[in-house]
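Participant: Contents are compact mmCIF, C-alpha atoms; file name run-v3.txt:
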# COMPACT_ATOMS: atom_id res chain seq x y z
CA SER A 1 87.62 -71.80 -117.52
CA LYS A 2 85.91 -68.88 -119.21
CA GLY A 3 82.20 -68.60 -119.77
CA ARG A 4 79.64 -66.05 -120.81
CA PHE A 5 76.65 -65.51 -118.61
CA ASN A 6 73.37 -64.51 -120.19
CA GLY A 7 70.61 -63.52 -117.82
CA MET A 8 72.03 -64.64 -114.51
CA HIS A 9 69.12 -64.35 -112.07
CA ASP A 10 69.92 -66.21 -108.87
CA LEU A 11 72.64 -68.02 -106.95
CA ALA A 12 72.99 -70.42 -104.04
CA LEU A 13 76.05 -71.20 -101.94
CA HIS A 14 76.64 -74.88 -101.12
CA PRO A 15 78.14 -75.73 -97.70
CA ASP A 16 81.30 -77.01 -99.46
CA GLY A 17 81.90 -73.60 -101.06
CA ARG A 18 80.50 -74.22 -104.55
CA LEU A 19 78.38 -71.39 -105.90
CA PHE A 20 75.46 -72.47 -108.11
CA LEU A 21 74.20 -69.84 -110.58
CA ALA A 22 71.00 -69.84 -112.63
CA ASP A 23 72.21 -68.80 -116.10
CA THR A 24 68.69 -68.34 -117.47
CA PHE A 25 69.10 -67.49 -121.15
CA ASN A 26 71.96 -69.97 -121.63
CA GLN A 27 69.61 -72.60 -120.12
CA ARG A 28 72.28 -73.86 -117.76
CA ILE A 29 73.29 -74.04 -114.14
CA ARG A 30 76.85 -72.75 -113.72
CA VAL A 31 79.07 -73.72 -110.84
CA ILE A 32 81.95 -71.71 -109.43
CA ASP A 33 84.39 -73.37 -107.07
CA THR A 34 85.01 -70.49 -104.67
CA LYS A 35 88.29 -72.02 -103.51
CA THR A 36 89.87 -72.22 -106.98
CA GLY A 37 87.75 -69.82 -109.05
CA GLN A 38 87.08 -72.64 -111.55
CA LEU A 39 83.86 -72.18 -113.58
CA SER A 40 81.95 -75.19 -114.91
CA THR A 41 78.49 -76.14 -116.10
CA LEU A 42 76.48 -78.53 -113.92
CA LYS A 43 76.08 -81.89 -115.65
CA PHE A 44 72.90 -83.88 -115.06
CA THR A 45 70.88 -86.73 -116.56
CA GLY A 46 67.34 -86.11 -117.72
CA PRO A 47 65.27 -83.55 -119.58
CA PRO A 48 66.97 -80.22 -120.35
CA LEU A 49 66.32 -76.99 -118.52
CA LYS A 50 64.53 -74.30 -120.53
CA SER A 51 64.85 -71.23 -118.32
CA PRO A 52 66.37 -71.88 -114.90
CA TYR A 53 65.43 -68.78 -112.96
CA THR A 54 66.07 -69.46 -109.29
CA VAL A 55 68.18 -72.01 -107.43
CA SER A 56 68.20 -73.26 -103.87
CA ILE A 57 70.05 -76.00 -102.01
CA ASN A 58 68.30 -78.24 -99.50
CA SER A 59 69.43 -78.22 -95.87
CA LYS A 60 71.56 -81.38 -96.27
CA GLY A 61 73.33 -80.02 -99.37
CA THR A 62 72.31 -83.07 -101.41
CA HIS A 63 69.77 -81.57 -103.82
CA LEU A 64 69.55 -78.43 -105.93
CA LEU A 65 66.06 -77.04 -106.53
CA ILE A 66 65.46 -75.01 -109.68
CA ALA A 67 62.49 -72.95 -110.84
CA ASP A 68 62.45 -73.83 -114.56
CA LEU A 69 60.18 -71.18 -116.05
CA LYS A 70 59.62 -72.38 -119.62
CA ASN A 71 59.09 -75.96 -118.47
CA TYR A 72 56.56 -74.63 -115.90
CA GLN A 73 58.12 -76.83 -113.24
CA VAL A 74 60.23 -76.89 -110.15
CA ARG A 75 63.09 -79.30 -110.83
CA GLU A 76 65.33 -81.11 -108.38
CA ILE A 77 68.83 -82.33 -109.18
CA ASP A 78 70.40 -84.95 -106.94
CA LEU A 79 73.95 -83.60 -106.59
CA ASN A 80 75.30 -87.09 -105.85
CA THR A 81 73.84 -88.92 -108.86
CA GLY A 82 73.24 -86.05 -111.30
CA ARG A 83 69.62 -87.12 -111.90
CA ILE A 84 67.01 -84.43 -112.47
CA LYS A 85 63.29 -84.80 -111.83
CA ALA A 86 60.19 -82.66 -111.56
CA VAL A 87 59.04 -81.88 -108.03
CA LYS A 88 55.46 -83.01 -107.52
CA ALA A 89 53.13 -80.71 -105.59
Just give me the structure as structure tokens.
Facilitator:
Amino acid sequence: SKGRFNGMHDLALHPDGRLFLADTFNQRIRVIDTKTGQLSTLKFTGPPLKSPYTVSINSKGTHLLIADLKNYQVREIDLNTGRIKAVKA
């Protein structure tokens, strides 16, 4: 599908070929399936993102870490359940 990016700042490649993009000013994480070219928005349960700036995938490929600037937090999304939470220091 088509989508407009607004302030794309970072990306992370998942071992299965999905590309996660921090679409900062749209306040979303976009996902591109590199096998099909399909673009989607990552769905999750919990508080909204307010400026996702950087993304990273843990070594097992199970969690996406996000620096959420306007929430002043590092967030973690469980890619299996779709739940988001703040990472405690």
Participant: Ranking A:Leu19, A:Leu65, A:Gly7, A:Phe44 by minimum distance to Gly82 (chain A) and counting only C-alpha atoms, which one comes first?
Facilitator: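 Closest to Gly82 (chain A), using only C-alpha atoms: A:Phe44.
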Participant: CA of Thr24 (chain A) and CA of Asp78 (chain A) are how many Å apart?
Facilitator: 19.7 Å
Participant: Between CA of Thr81 (chain A) and CA of Asp68 (chain A), what is the spacing in Å?
Facilitator: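 Taking CA of Asp68 (chain A) and CA of Thr81 (chain A), their separation equals 19.7 Å.
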Participant: Which polymer residues have any atom within 12 Å of an atom of Gln38 (chain A), counting only C-alpha atoms, with same-chain residues fewer than 5 positions away left out, as a PDB file with C-alpha atoms, in the coordinates of the input?
Facilitator:
ATOM      1  CA  SER A   1      87.620 -71.800-117.520  1.00  0.00           C
ATOM      2  CA  LYS A   2      85.910 -68.880-119.210  1.00  0.00           C
ATOM      3  CA  GLY A   3      82.200 -68.600-119.770  1.00  0.00           C
ATOM      4  CA  GLY A  17      81.900 -73.600-101.060  1.00  0.00           C
ATOM      5  CA  ARG A  18      80.500 -74.220-104.550  1.00  0.00           C
ATOM      6  CA  LEU A  19      78.380 -71.390-105.900  1.00  0.00           C
ATOM      7  CA  ARG A  30      76.850 -72.750-113.720  1.00  0.00           C
ATOM      8  CA  VAL A  31      79.070 -73.720-110.840  1.00  0.00           C
ATOM      9  CA  ILE A  32      81.950 -71.710-109.430  1.00  0.00           C
ATOM     10  CA  ASP A  33      84.390 -73.370-107.070  1.00  0.00           C
TER      11      ASP A  33
END
Participant: Can you measure CA of Tyr72 (chain A) to CA of Thr45 (chain A) for me? One decimal in Å is fine.
Facilitator: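 Taking CA of Tyr72 (chain A) and CA of Thr45 (chain A), their separation equals 18.8 Å.
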Participant: Might I get the box with edges along x, y and z of the file that holds all atoms of region 55-68 of chain A listed there, padded by 3 Å on every side, given as centre and edge lengths in Å to one decimal, as AutoDock Vina command-line options?
Facilitator:
--center_x 67.9 --center_y -77.5 --center_z -105.2 --size_x 16.9 --size_y 17.1 --size_z 24.7
Participant: Nearest to Asn58 (chain A): which of A:Leu79, A:Met8, A:Ala22, A:Leu42 is it, counting only C-alpha atoms?
Facilitator: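 Between A:Leu79, A:Met8, A:Ala22, A:Leu42, the residue approaching Asn58 (chain A) most closely is A:Leu79.
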Participant: Give me, as a PyMOL selection string, all polymer residues having an atom no more than 7 Å from Ile57 (chain A), counting all atoms listed in the file and skipping those fewer than 3 positions away in the same chain.
Facilitator: chain A and resi 12+14+61+63-65
Participant: Please determine, counting all atoms listed in the file, which residue among A:Val55, A:Ala89, A:Ile84, A:Leu49 has the shortest atom-to-atom distance to Asn71 (chain A).
Facilitator: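 Closest residue, counting all atoms listed in the file: A:Leu49.
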Participant: When distances are computed from only C-alpha atoms, which of A:Asn80, A:Ser40, A:Thr34, A:Ser59 shows the smallest separation from Asp16 (chain A)?
Facilitator: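 Nearest to Asp16 (chain A): A:Thr34.
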Participant: Select, from A:Lys50, A:Lys60, A:Lys43, A:Arg4, the residue with the minimum atom-to-atom distance to Ile77 (chain A), counting all atoms listed in the file.
Facilitator: A:Lys43
Participant: Choose the residue, out of A:Arg28, A:Leu69, A:Pro47, A:Asp10, that has the smallest atom-to-atom separation from Lys85 (chain A); count only C-alpha atoms.
Facilitator: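 Among A:Arg28, A:Leu69, A:Pro47, A:Asp10, it is A:Pro47 that comes nearest to Lys85 (chain A).
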Participant: With the input short on atoms, add N, CA, C and O atoms back to region 51-72 of chain A and write it as a PDB file, in the frame of the given file.
Facilitator:
ATOM      1  N   SER A  51      64.697 -72.588-118.854  1.00  0.00           N
ATOM      2  CA  SER A  51      64.850 -71.230-118.320  1.00  0.00           C
ATOM      3  C   SER A  51      65.025 -71.308-116.811  1.00  0.00           C
ATOM      4  O   SER A  51      64.145 -70.920-116.050  1.00  0.00           O
ATOM      5  N   PRO A  52      66.159 -71.815-116.352  1.00  0.00           N
ATOM      6  CA  PRO A  52      66.370 -71.880-114.900  1.00  0.00           C
ATOM      7  C   PRO A  52      66.446 -70.464-114.332  1.00  0.00           C
ATOM      8  O   PRO A  52      67.282 -69.682-114.746  1.00  0.00           O
ATOM      9  N   TYR A  53      65.541 -70.150-113.440  1.00  0.00           N
ATOM     10  CA  TYR A  53      65.430 -68.780-112.960  1.00  0.00           C
ATOM     11  C   TYR A  53      65.938 -68.593-111.535  1.00  0.00           C
ATOM     12  O   TYR A  53      66.621 -67.634-111.243  1.00  0.00           O
ATOM     13  N   THR A  54      65.586 -69.527-110.671  1.00  0.00           N
ATOM     14  CA  THR A  54      66.070 -69.460-109.290  1.00  0.00           C
ATOM     15  C   THR A  54      66.639 -70.809-108.879  1.00  0.00           C
ATOM     16  O   THR A  54      66.240 -71.842-109.406  1.00  0.00           O
ATOM     17  N   VAL A  55      67.579 -70.785-107.955  1.00  0.00           N
ATOM     18  CA  VAL A  55      68.180 -72.010-107.430  1.00  0.00           C
ATOM     19  C   VAL A  55      68.214 -71.957-105.913  1.00  0.00           C
ATOM     20  O   VAL A  55      68.303 -70.884-105.321  1.00  0.00           O
ATOM     21  N   SER A  56      68.126 -73.139-105.318  1.00  0.00           N
ATOM     22  CA  SER A  56      68.200 -73.260-103.870  1.00  0.00           C
ATOM     23  C   SER A  56      68.767 -74.633-103.538  1.00  0.00           C
ATOM     24  O   SER A  56      68.544 -75.590-104.276  1.00  0.00           O
ATOM     25  N   ILE A  57      69.473 -74.728-102.439  1.00  0.00           N
ATOM     26  CA  ILE A  57      70.050 -76.000-102.010  1.00  0.00           C
ATOM     27  C   ILE A  57      69.334 -76.455-100.746  1.00  0.00           C
ATOM     28  O   ILE A  57      69.082 -75.643 -99.841  1.00  0.00           O
ATOM     29  N   ASN A  58      68.987 -77.753-100.696  1.00  0.00           N
ATOM     30  CA  ASN A  58      68.300 -78.240 -99.500  1.00  0.00           C
ATOM     31  C   ASN A  58      69.236 -78.203 -98.295  1.00  0.00           C
ATOM     32  O   ASN A  58      70.435 -77.995 -98.426  1.00  0.00           O
ATOM     33  N   SER A  59      68.664 -78.396 -97.118  1.00  0.00           N
ATOM     34  CA  SER A  59      69.430 -78.220 -95.870  1.00  0.00           C
ATOM     35  C   SER A  59      70.576 -79.217 -95.720  1.00  0.00           C
ATOM     36  O   SER A  59      71.553 -78.931 -95.027  1.00  0.00           O
ATOM     37  N   LYS A  60      70.495 -80.379 -96.357  1.00  0.00           N
ATOM     38  CA  LYS A  60      71.560 -81.380 -96.270  1.00  0.00           C
ATOM     39  C   LYS A  60      72.641 -81.157 -97.338  1.00  0.00           C
ATOM     40  O   LYS A  60      73.679 -81.814 -97.302  1.00  0.00           O
ATOM     41  N   GLY A  61      72.370 -80.279 -98.300  1.00  0.00           N
ATOM     42  CA  GLY A  61      73.330 -80.020 -99.370  1.00  0.00           C
ATOM     43  C   GLY A  61      73.370 -81.116-100.421  1.00  0.00           C
ATOM     44  O   GLY A  61      74.323 -81.201-101.188  1.00  0.00           O
ATOM     45  N   THR A  62      72.324 -81.925-100.489  1.00  0.00           N
ATOM     46  CA  THR A  62      72.310 -83.070-101.410  1.00  0.00           C
ATOM     47  C   THR A  62      71.519 -82.808-102.690  1.00  0.00           C
ATOM     48  O   THR A  62      71.699 -83.524-103.672  1.00  0.00           O
ATOM     49  N   HIS A  63      70.633 -81.828-102.672  1.00  0.00           N
ATOM     50  CA  HIS A  63      69.770 -81.570-103.820  1.00  0.00           C
ATOM     51  C   HIS A  63      69.725 -80.075-104.145  1.00  0.00           C
ATOM     52  O   HIS A  63      69.684 -79.237-103.241  1.00  0.00           O
ATOM     53  N   LEU A  64      69.702 -79.788-105.440  1.00  0.00           N
ATOM     54  CA  LEU A  64      69.550 -78.430-105.930  1.00  0.00           C
ATOM     55  C   LEU A  64      68.156 -78.296-106.503  1.00  0.00           C
ATOM     56  O   LEU A  64      67.736 -79.096-107.346  1.00  0.00           O
ATOM     57  N   LEU A  65      67.413 -77.313-106.029  1.00  0.00           N
ATOM     58  CA  LEU A  65      66.060 -77.040-106.530  1.00  0.00           C
ATOM     59  C   LEU A  65      66.121 -75.871-107.495  1.00  0.00           C
ATOM     60  O   LEU A  65      66.799 -74.881-107.232  1.00  0.00           O
ATOM     61  N   ILE A  66      65.403 -76.005-108.606  1.00  0.00           N
ATOM     62  CA  ILE A  66      65.460 -75.010-109.680  1.00  0.00           C
ATOM     63  C   ILE A  66      64.047 -74.667-110.126  1.00  0.00           C
ATOM     64  O   ILE A  66      63.254 -75.567-110.423  1.00  0.00           O
ATOM     65  N   ALA A  67      63.734 -73.388-110.202  1.00  0.00           N
ATOM     66  CA  ALA A  67      62.490 -72.950-110.840  1.00  0.00           C
ATOM     67  C   ALA A  67      62.789 -72.840-112.328  1.00  0.00           C
ATOM     68  O   ALA A  67      63.561 -71.989-112.762  1.00  0.00           O
ATOM     69  N   ASP A  68      62.212 -73.747-113.116  1.00  0.00           N
ATOM     70  CA  ASP A  68      62.450 -73.830-114.560  1.00  0.00           C
ATOM     71  C   ASP A  68      61.236 -73.220-115.266  1.00  0.00           C
ATOM     72  O   ASP A  68      60.236 -73.898-115.497  1.00  0.00           O
ATOM     73  N   LEU A  69      61.336 -71.942-115.609  1.00  0.00           N
ATOM     74  CA  LEU A  69      60.180 -71.180-116.050  1.00  0.00           C
ATOM     75  C   LEU A  69      59.501 -71.716-117.302  1.00  0.00           C
ATOM     76  O   LEU A  69      58.289 -71.880-117.335  1.00  0.00           O
ATOM     77  N   LYS A  70      60.248 -71.970-118.363  1.00  0.00           N
ATOM     78  CA  LYS A  70      59.620 -72.380-119.620  1.00  0.00           C
ATOM     79  C   LYS A  70      59.181 -73.831-119.625  1.00  0.00           C
ATOM     80  O   LYS A  70      58.439 -74.244-120.499  1.00  0.00           O
ATOM     81  N   ASN A  71      59.620 -74.606-118.655  1.00  0.00           N
ATOM     82  CA  ASN A  71      59.090 -75.960-118.470  1.00  0.00           C
ATOM     83  C   ASN A  71      57.918 -75.943-117.486  1.00  0.00           C
ATOM     84  O   ASN A  71      57.304 -76.981-117.257  1.00  0.00           O
ATOM     85  N   TYR A  72      57.655 -74.798-116.865  1.00  0.00           N
ATOM     86  CA  TYR A  72      56.560 -74.630-115.900  1.00  0.00           C
ATOM     87  C   TYR A  72      56.662 -75.648-114.768  1.00  0.00           C
ATOM     88  O   TYR A  72      55.674 -76.236-114.355  1.00  0.00           O
TER      89      TYR A  72
END
